[in-house]
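The next block holds one structure in the form of structure tokens; read it before the comments.
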Amino acid sequence: MSYSPNHPDLTTWLSIDAGTDFPVQNLPFGIFSTEDRNERPGVAIGQYILDLQLLGEANLLDLEAPYFELETLNTFFSYGRKEITRVRDQISRLLTGDSSKLKDHQDREAFFVLQSDATMHLPFTIGDYTDFYSSEDHARNVGTMFRDPDNALLPNWKHIPVGYHGRASSIVVSGTSIHRPKGQTLPQDASSPVYRPSQLVDFELEMAFVTCGENRLGEPISIDQTEDHIGGIMLFNDLSARDIQKWEYVPLGPFLAKNFGSILSPWVVTLDALEPFRIDSPLQDDPKPLPYLQYQGKGHFDVNLEVAITEESGETTTICQSNFKYMYWNMFQQLAHQTVNGCNVRTGDLYASGTISGPEPTSYGSMLELAWRGSKPIQLNSGNERKFLADGDTCTMRGYAEKDGVRIGFGPCSFTLLPSKS
Ligand code: MN
């Protein structure tokens with residue numbers, strides 16, 4: 001029988017913590033540094049990081065040196081999906097003992113770094129960044145709140161995966177603190193705008209995929225080919241200043257309300273690791289999408305998502321439980337649509353899902369929806385309430401898929417909101 005890195009019975013000879021986000025079936029890629037050594041690629045395994053640069057230098061991988069002499073994953077991912085699969089397969093064999101080269105290596109310990117001793121960095125240099133708007137419940141909630149409950153979805157919504165081009169420079173890795181932004185807003189009942197700290201800082205619970213390999217300008221990626229261009233998935237918090245957004249978004253959409261900091265989790269979980277968690281997409285027959293958007297097969301992923309607020313006092317409350325499956329448009333449809341006009345994507349582009357809300361009020365993926373535009377404040381375990389984030393709040397997103405005793409986790413996507421800079 002052929003070797004399967006996803007098999008639920010696989011175990012590693014390395015002693016790893018039970019319940020980890022990173023069992024041997026996961027093996028996500030990331031970029032880390034330690035006190036003694038700069039940024040380099042690694043793979044998360046349990047509480048450790050396997051140092052791919054050292055692994056390459058010791059010739060333990062069947063790769064042409066200096067394959068992992070990299071400070072970002074861009075070059076590696078530019079080799080394409082099949083190469084990512086091949087490398088993950090090799091790493092899996094080393095960690096399960098299918099190949100004894102690492103297990104029996106005399107300096108075996110040297111290849112592993114405790115995650116608690118490492119600093120994580122953005123996994124790649126992000127090129128272009130698009131944010132979609134692909135959860136039907138989210139779009140309906142927003143449409144109901146700000147327009148007409150009877151016509152909550154705009155006429156185009158079920159025909160095109162709606163999106164906008166965002167800004168890449170302000171995307172930061174999990175663990176980065178962000179100051180409350182200042183900007184221009186129009187206070188309620190005021191006739192002219194003011195410049196002041198945003199009063200309505202909100203999170204948006206999203207997932208994002210990174211592209212691997214590029215298409216040429218003018219040559220769309222057909223929906224059948226999109227699978228080969230998605231390198232992996234991460235958690236993403238599209239931080240939003242609702243008061244700035246409300247004043248600026250007409251007629252061209254989000255601008256400064258969305259580029260004061262967006263948070264990305266550091267580990268790129270491959271589509272290969274998520275293969276066992278693929279599920280059917282929701283029925284799309286009213287209306288049927290145009291042929292270039294029609295997807296055959298299991299295009300959605302069953303990934304549990306949650307958001308917690310930790311107050312300055314240290315008390316934590318989980319305020320949202322959602323799931324990546326609550327999407328209308330899937331990633332393959334999003335990428336096919338992004339390129340249908342001939343737009344070229346490059347390795348390291350980021351495509352975020354849009355806020356992921358489910359059908360239940362506890363599954364809404366933003367505070368705007370959870371507190372229903374401020375009318376139903378969110379109750380925290382401390383007795384405090386929130387309509388939006390308060391200074392000192394830490395907002396942590398987590399995600400994991402789980403089946404047959406295997407948990408494929410993403411690690412935290414976390415940030416702390418600091419007071420506005422004076
Ligand atoms: Mn968003």
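Each chain in the structure tokens gets a letter, A, B and so on, in the order shown; residues start at 1 in every chain, and ligands are counted from 1 in the order they appear.
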Open item on the list: Run DSSP on the backbone and tell me which residues of stretch 41-242 of chain A come out as alpha helix (DSSP H); list them as a PyMOL selection string.
Closed with: chain A and resi 52-57+74-78+81-96+136-146+242
Can you write out the residues you just picked, keeping N, CA and C atoms, as an mmCIF file, in the first residue's frame?
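Printed below is out_34.cif as written:
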data_model
loop_
_atom_site.group_PDB
_atom_site.id
_atom_site.type_symbol
_atom_site.label_atom_id
_atom_site.label_comp_id
_atom_site.auth_asym_id
_atom_site.auth_seq_id
_atom_site.Cartn_x
_atom_site.Cartn_y
_atom_site.Cartn_z
ATOM 1 N N LEU A 52 13.746 23.394 8.779
ATOM 2 C CA LEU A 52 13.937 22.866 7.427
ATOM 3 C C LEU A 52 15.291 23.265 6.839
ATOM 4 N N GLN A 53 15.804 24.415 7.298
ATOM 5 C CA GLN A 53 17.102 24.828 6.786
ATOM 6 C C GLN A 53 18.192 23.844 7.234
ATOM 7 N N LEU A 54 18.154 23.479 8.519
ATOM 8 C CA LEU A 54 19.135 22.509 9.026
ATOM 9 C C LEU A 54 18.942 21.145 8.378
ATOM 10 N N LEU A 55 17.686 20.791 8.179
ATOM 11 C CA LEU A 55 17.370 19.507 7.547
ATOM 12 C C LEU A 55 17.970 19.459 6.144
ATOM 13 N N GLY A 56 17.861 20.583 5.441
ATOM 14 C CA GLY A 56 18.426 20.669 4.092
ATOM 15 C C GLY A 56 19.954 20.619 4.125
ATOM 16 N N GLU A 57 20.533 21.375 5.077
ATOM 17 C CA GLU A 57 21.996 21.401 5.175
ATOM 18 C C GLU A 57 22.559 20.022 5.501
ATOM 19 N N ASN A 74 8.087 32.234 -0.229
ATOM 20 C CA ASN A 74 7.688 32.546 -1.606
ATOM 21 C C ASN A 74 8.354 31.646 -2.645
ATOM 22 N N THR A 75 9.667 31.510 -2.570
ATOM 23 C CA THR A 75 10.368 30.723 -3.604
ATOM 24 C C THR A 75 9.916 29.269 -3.567
ATOM 25 N N PHE A 76 9.836 28.716 -2.378
ATOM 26 C CA PHE A 76 9.363 27.333 -2.235
ATOM 27 C C PHE A 76 7.964 27.176 -2.839
ATOM 28 N N PHE A 77 7.057 28.084 -2.502
ATOM 29 C CA PHE A 77 5.687 27.959 -3.002
ATOM 30 C C PHE A 77 5.599 28.226 -4.509
ATOM 31 N N SER A 78 6.561 28.969 -5.039
ATOM 32 C CA SER A 78 6.516 29.241 -6.488
ATOM 33 C C SER A 78 6.732 27.958 -7.293
ATOM 34 N N ARG A 81 1.990 23.513 -6.343
ATOM 35 C CA ARG A 81 1.273 22.640 -5.417
ATOM 36 C C ARG A 81 1.874 21.238 -5.329
ATOM 37 N N LYS A 82 2.240 20.666 -6.467
ATOM 38 C CA LYS A 82 2.752 19.280 -6.456
ATOM 39 C C LYS A 82 4.066 19.197 -5.681
ATOM 40 N N GLU A 83 4.862 20.245 -5.764
ATOM 41 C CA GLU A 83 6.139 20.249 -5.051
ATOM 42 C C GLU A 83 5.905 20.382 -3.541
ATOM 43 N N ILE A 84 4.921 21.207 -3.157
ATOM 44 C CA ILE A 84 4.583 21.329 -1.730
ATOM 45 C C ILE A 84 4.146 19.961 -1.195
ATOM 46 N N THR A 85 3.351 19.265 -1.992
ATOM 47 C CA THR A 85 2.888 17.921 -1.620
ATOM 48 C C THR A 85 4.080 16.969 -1.450
ATOM 49 N N ARG A 86 5.013 17.033 -2.395
ATOM 50 C CA ARG A 86 6.162 16.127 -2.374
ATOM 51 C C ARG A 86 7.034 16.375 -1.137
ATOM 52 N N VAL A 87 7.256 17.640 -0.811
ATOM 53 C CA VAL A 87 8.109 17.970 0.331
ATOM 54 C C VAL A 87 7.418 17.579 1.642
ATOM 55 N N ARG A 88 6.122 17.852 1.738
ATOM 56 C CA ARG A 88 5.384 17.474 2.954
ATOM 57 C C ARG A 88 5.432 15.960 3.160
ATOM 58 N N ASP A 89 5.327 15.226 2.066
ATOM 59 C CA ASP A 89 5.397 13.770 2.124
ATOM 60 C C ASP A 89 6.757 13.306 2.672
ATOM 61 N N GLN A 90 7.814 13.929 2.209
ATOM 62 C CA GLN A 90 9.163 13.562 2.702
ATOM 63 C C GLN A 90 9.325 13.865 4.187
ATOM 64 N N ILE A 91 8.816 15.026 4.597
ATOM 65 C CA ILE A 91 8.937 15.408 6.012
ATOM 66 C C ILE A 91 8.145 14.438 6.880
ATOM 67 N N SER A 92 6.976 14.058 6.396
ATOM 68 C CA SER A 92 6.155 13.095 7.123
ATOM 69 C C SER A 92 6.912 11.782 7.332
ATOM 70 N N ARG A 93 7.555 11.286 6.282
ATOM 71 C CA ARG A 93 8.285 10.015 6.389
ATOM 72 C C ARG A 93 9.416 10.109 7.414
ATOM 73 N N LEU A 94 10.085 11.266 7.459
ATOM 74 C CA LEU A 94 11.169 11.433 8.437
ATOM 75 C C LEU A 94 10.631 11.411 9.865
ATOM 76 N N LEU A 95 9.439 11.980 10.053
ATOM 77 C CA LEU A 95 8.898 12.109 11.415
ATOM 78 C C LEU A 95 8.161 10.855 11.885
ATOM 79 N N THR A 96 7.734 10.022 10.962
ATOM 80 C CA THR A 96 7.033 8.794 11.370
ATOM 81 C C THR A 96 7.987 7.616 11.478
ATOM 82 N N GLU A 136 -22.951 33.866 2.997
ATOM 83 C CA GLU A 136 -24.306 34.373 2.741
ATOM 84 C C GLU A 136 -24.932 34.948 4.012
ATOM 85 N N ASP A 137 -24.716 34.277 5.143
ATOM 86 C CA ASP A 137 -25.309 34.793 6.382
ATOM 87 C C ASP A 137 -24.745 36.166 6.738
ATOM 88 N N HIS A 138 -23.444 36.344 6.510
ATOM 89 C CA HIS A 138 -22.840 37.655 6.784
ATOM 90 C C HIS A 138 -23.423 38.719 5.860
ATOM 91 N N ALA A 139 -23.490 38.403 4.579
ATOM 92 C CA ALA A 139 -24.005 39.387 3.621
ATOM 93 C C ALA A 139 -25.469 39.721 3.926
ATOM 94 N N ARG A 140 -26.238 38.709 4.320
ATOM 95 C CA ARG A 140 -27.647 38.947 4.678
ATOM 96 C C ARG A 140 -27.760 39.805 5.941
ATOM 97 N N ASN A 141 -26.918 39.490 6.931
ATOM 98 C CA ASN A 141 -26.967 40.270 8.177
ATOM 99 C C ASN A 141 -26.664 41.741 7.919
ATOM 100 N N VAL A 142 -25.605 41.989 7.144
ATOM 101 C CA VAL A 142 -25.220 43.373 6.869
ATOM 102 C C VAL A 142 -26.306 44.064 6.038
ATOM 103 N N GLY A 143 -26.837 43.331 5.051
ATOM 104 C CA GLY A 143 -27.897 43.893 4.215
ATOM 105 C C GLY A 143 -29.155 44.204 5.020
ATOM 106 N N THR A 144 -29.448 43.335 5.984
ATOM 107 C CA THR A 144 -30.623 43.539 6.833
ATOM 108 C C THR A 144 -30.434 44.754 7.738
ATOM 109 N N MET A 145 -29.223 44.870 8.298
ATOM 110 C CA MET A 145 -28.965 45.979 9.224
ATOM 111 C C MET A 145 -28.952 47.334 8.523
ATOM 112 N N PHE A 146 -28.330 47.393 7.353
ATOM 113 C CA PHE A 146 -28.083 48.702 6.738
ATOM 114 C C PHE A 146 -28.993 49.016 5.555
ATOM 115 N N ARG A 242 -15.463 50.612 12.008
ATOM 116 C CA ARG A 242 -16.794 50.748 11.390
ATOM 117 C C ARG A 242 -17.221 52.199 11.163
#
Give me, as a Markdown table, the closest atom pair and its distance (Å, one decimal) for every residue of chain A within a cut-off of 10 Å of ligand 1, counting only C-alpha atoms and all ligand atoms, rows sorted by chain and rising number.
| residue | atom | partner | partner_atom_place_in_ligand_line | distance |
| --- | --- | --- | --- | --- |
| A:Thr130 | CA | ligand 1 | 1 (Mn) | 9.3 |
| A:Asp131 | CA | ligand 1 | 1 (Mn) | 5.8 |
| A:Phe132 | CA | ligand 1 | 1 (Mn) | 6.8 |
| A:Tyr133 | CA | ligand 1 | 1 (Mn) | 6.8 |
| A:Ser134 | CA | ligand 1 | 1 (Mn) | 9.6 |
| A:Gly163 | CA | ligand 1 | 1 (Mn) | 9.0 |
| A:Tyr164 | CA | ligand 1 | 1 (Mn) | 9.3 |
| A:Gly166 | CA | ligand 1 | 1 (Mn) | 9.4 |
| A:Phe203 | CA | ligand 1 | 1 (Mn) | 8.7 |
| A:Glu204 | CA | ligand 1 | 1 (Mn) | 5.8 |
| A:Leu205 | CA | ligand 1 | 1 (Mn) | 7.9 |
| A:Glu206 | CA | ligand 1 | 1 (Mn) | 7.0 |
| A:Met207 | CA | ligand 1 | 1 (Mn) | 9.8 |
| A:Phe236 | CA | ligand 1 | 1 (Mn) | 9.0 |
| A:Asn237 | CA | ligand 1 | 1 (Mn) | 7.8 |
| A:Asp238 | CA | ligand 1 | 1 (Mn) | 5.0 |
| A:Leu239 | CA | ligand 1 | 1 (Mn) | 7.7 |
| A:Ser240 | CA | ligand 1 | 1 (Mn) | 7.8 |
| A:Pro254 | CA | ligand 1 | 1 (Mn) | 9.2 |
| A:Lys258 | CA | ligand 1 | 1 (Mn) | 8.1 |
| A:Ser262 | CA | ligand 1 | 1 (Mn) | 9.6 |
| A:Ala352 | CA | ligand 1 | 1 (Mn) | 7.3 |
| A:Ser353 | CA | ligand 1 | 1 (Mn) | 7.4 |
| A:Gly354 | CA | ligand 1 | 1 (Mn) | 4.3 |
| A:Thr355 | CA | ligand 1 | 1 (Mn) | 5.3 |
| A:Ile356 | CA | ligand 1 | 1 (Mn) | 8.9 |
| A:Gly365 | CA | ligand 1 | 1 (Mn) | 9.9 |
| A:Ser366 | CA | ligand 1 | 1 (Mn) | 9.5 |
Store the residues picked out above in a file with C-alpha atoms, as a short mmCIF file (atom, residue, chain, number, x, y, z; two decimals), in the first residue's frame.
data_model
loop_
_atom_site.label_atom_id
_atom_site.label_comp_id
_atom_site.auth_asym_id
_atom_site.auth_seq_id
_atom_site.Cartn_x
_atom_site.Cartn_y
_atom_site.Cartn_z
CA THR A 130 -8.07 40.54 -2.13
CA ASP A 131 -10.88 40.33 0.40
CA PHE A 132 -14.05 38.55 -0.68
CA TYR A 133 -17.53 38.74 0.82
CA SER A 134 -18.59 35.12 0.40
CA GLY A 163 -14.59 41.25 -3.45
CA TYR A 164 -12.30 44.26 -3.32
CA GLY A 166 -7.14 45.50 -0.24
CA PHE A 203 -12.79 42.09 14.11
CA GLU A 204 -13.81 40.07 11.07
CA LEU A 205 -13.38 36.30 11.41
CA GLU A 206 -11.97 35.09 8.10
CA MET A 207 -9.77 32.45 6.51
CA PHE A 236 -7.22 36.00 9.12
CA ASN A 237 -8.64 38.90 11.11
CA ASP A 238 -9.72 41.72 8.80
CA LEU A 239 -9.74 44.43 11.49
CA SER A 240 -12.28 47.11 10.63
CA PRO A 254 -13.47 50.00 2.01
CA LYS A 258 -9.34 48.33 6.72
CA SER A 262 -4.89 42.92 9.53
CA ALA A 352 -9.38 36.26 2.25
CA SER A 353 -12.82 34.72 2.50
CA GLY A 354 -14.77 37.61 3.90
CA THR A 355 -16.38 37.47 7.34
CA ILE A 356 -17.57 33.93 8.06
CA GLY A 365 -18.15 36.50 12.62
CA SER A 366 -18.00 40.17 13.66
#
Please produce, as CSV, a per-residue contact table for stretch 16-97 of chain A versus stretch 398-418 of chain A (criterion: any atom at most 7 Å away, only C-alpha atoms considered), showing the nearest atom pair and its distance in Å to one decimal, sorted by chain then residue number.
residue,atom,partner,partner_atom,distance
A:Asp21,CA,A:Gly409,CA,4.0
A:Phe22,CA,A:Gly409,CA,6.2
A:Asn26,CA,A:Ile408,CA,5.6
- [ ] Compile the contact shell of stretch 181-189 of chain A as JSON, numbers by chain: residues with an atom at most 7 Å away, counting only C-alpha atoms, same-chain residues fewer than 4 positions apart removed.
- [x] {"A": [193, 194, 195, 196, 197, 198, 243, 244, 247, 260, 420]}
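Among A:Arg373, A:His121, A:Lys246, A:Arg216, the residue with the shortest atom-to-atom distance to A:Val340, counting only C-alpha atoms, is A:Arg216.
Closest approach to A:Phe124 among A:Asn151, A:Thr72, A:Thr211, A:Gln225: A:Thr72, based on only C-alpha atoms.
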- [ ] Compare A:Gln338, A:Ser33, A:Ser375, A:Gln25 by their minimum atom-to-atom distance to A:Pro123, counting only C-alpha atoms, and give me the closest one.
- [x]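 With only C-alpha atoms as the atom set, the closest residue is A:Ser33.
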- [ ] Tell me, as JSON, numbers by chain, which residues lie within 9 Å of A:Thr339, counting only C-alpha atoms; anything in the same chain fewer than 5 positions away does not count.
- [x] {"A": [215, 217, 218, 219, 220, 221, 222, 334, 344, 345]}
- [ ] May I have the residues within 8 Å of A:Gln294 as a PyMOL selection string, using only C-alpha atoms and disregarding those fewer than 5 positions away in the same chain?
- [x] chain A and resi 223+289+333
Dump C-alpha atoms for the selected residues as an mmCIF file, in the first residue's frame?
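out.cif, freshly written:
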data_model
loop_
_atom_site.group_PDB
_atom_site.id
_atom_site.type_symbol
_atom_site.label_atom_id
_atom_site.label_comp_id
_atom_site.auth_asym_id
_atom_site.auth_seq_id
_atom_site.Cartn_x
_atom_site.Cartn_y
_atom_site.Cartn_z
ATOM 1 C CA ILE A 223 -11.894 26.402 -12.075
ATOM 2 C CA PRO A 289 -23.684 30.364 -11.404
ATOM 3 C CA GLN A 333 -14.674 29.730 -7.324
#
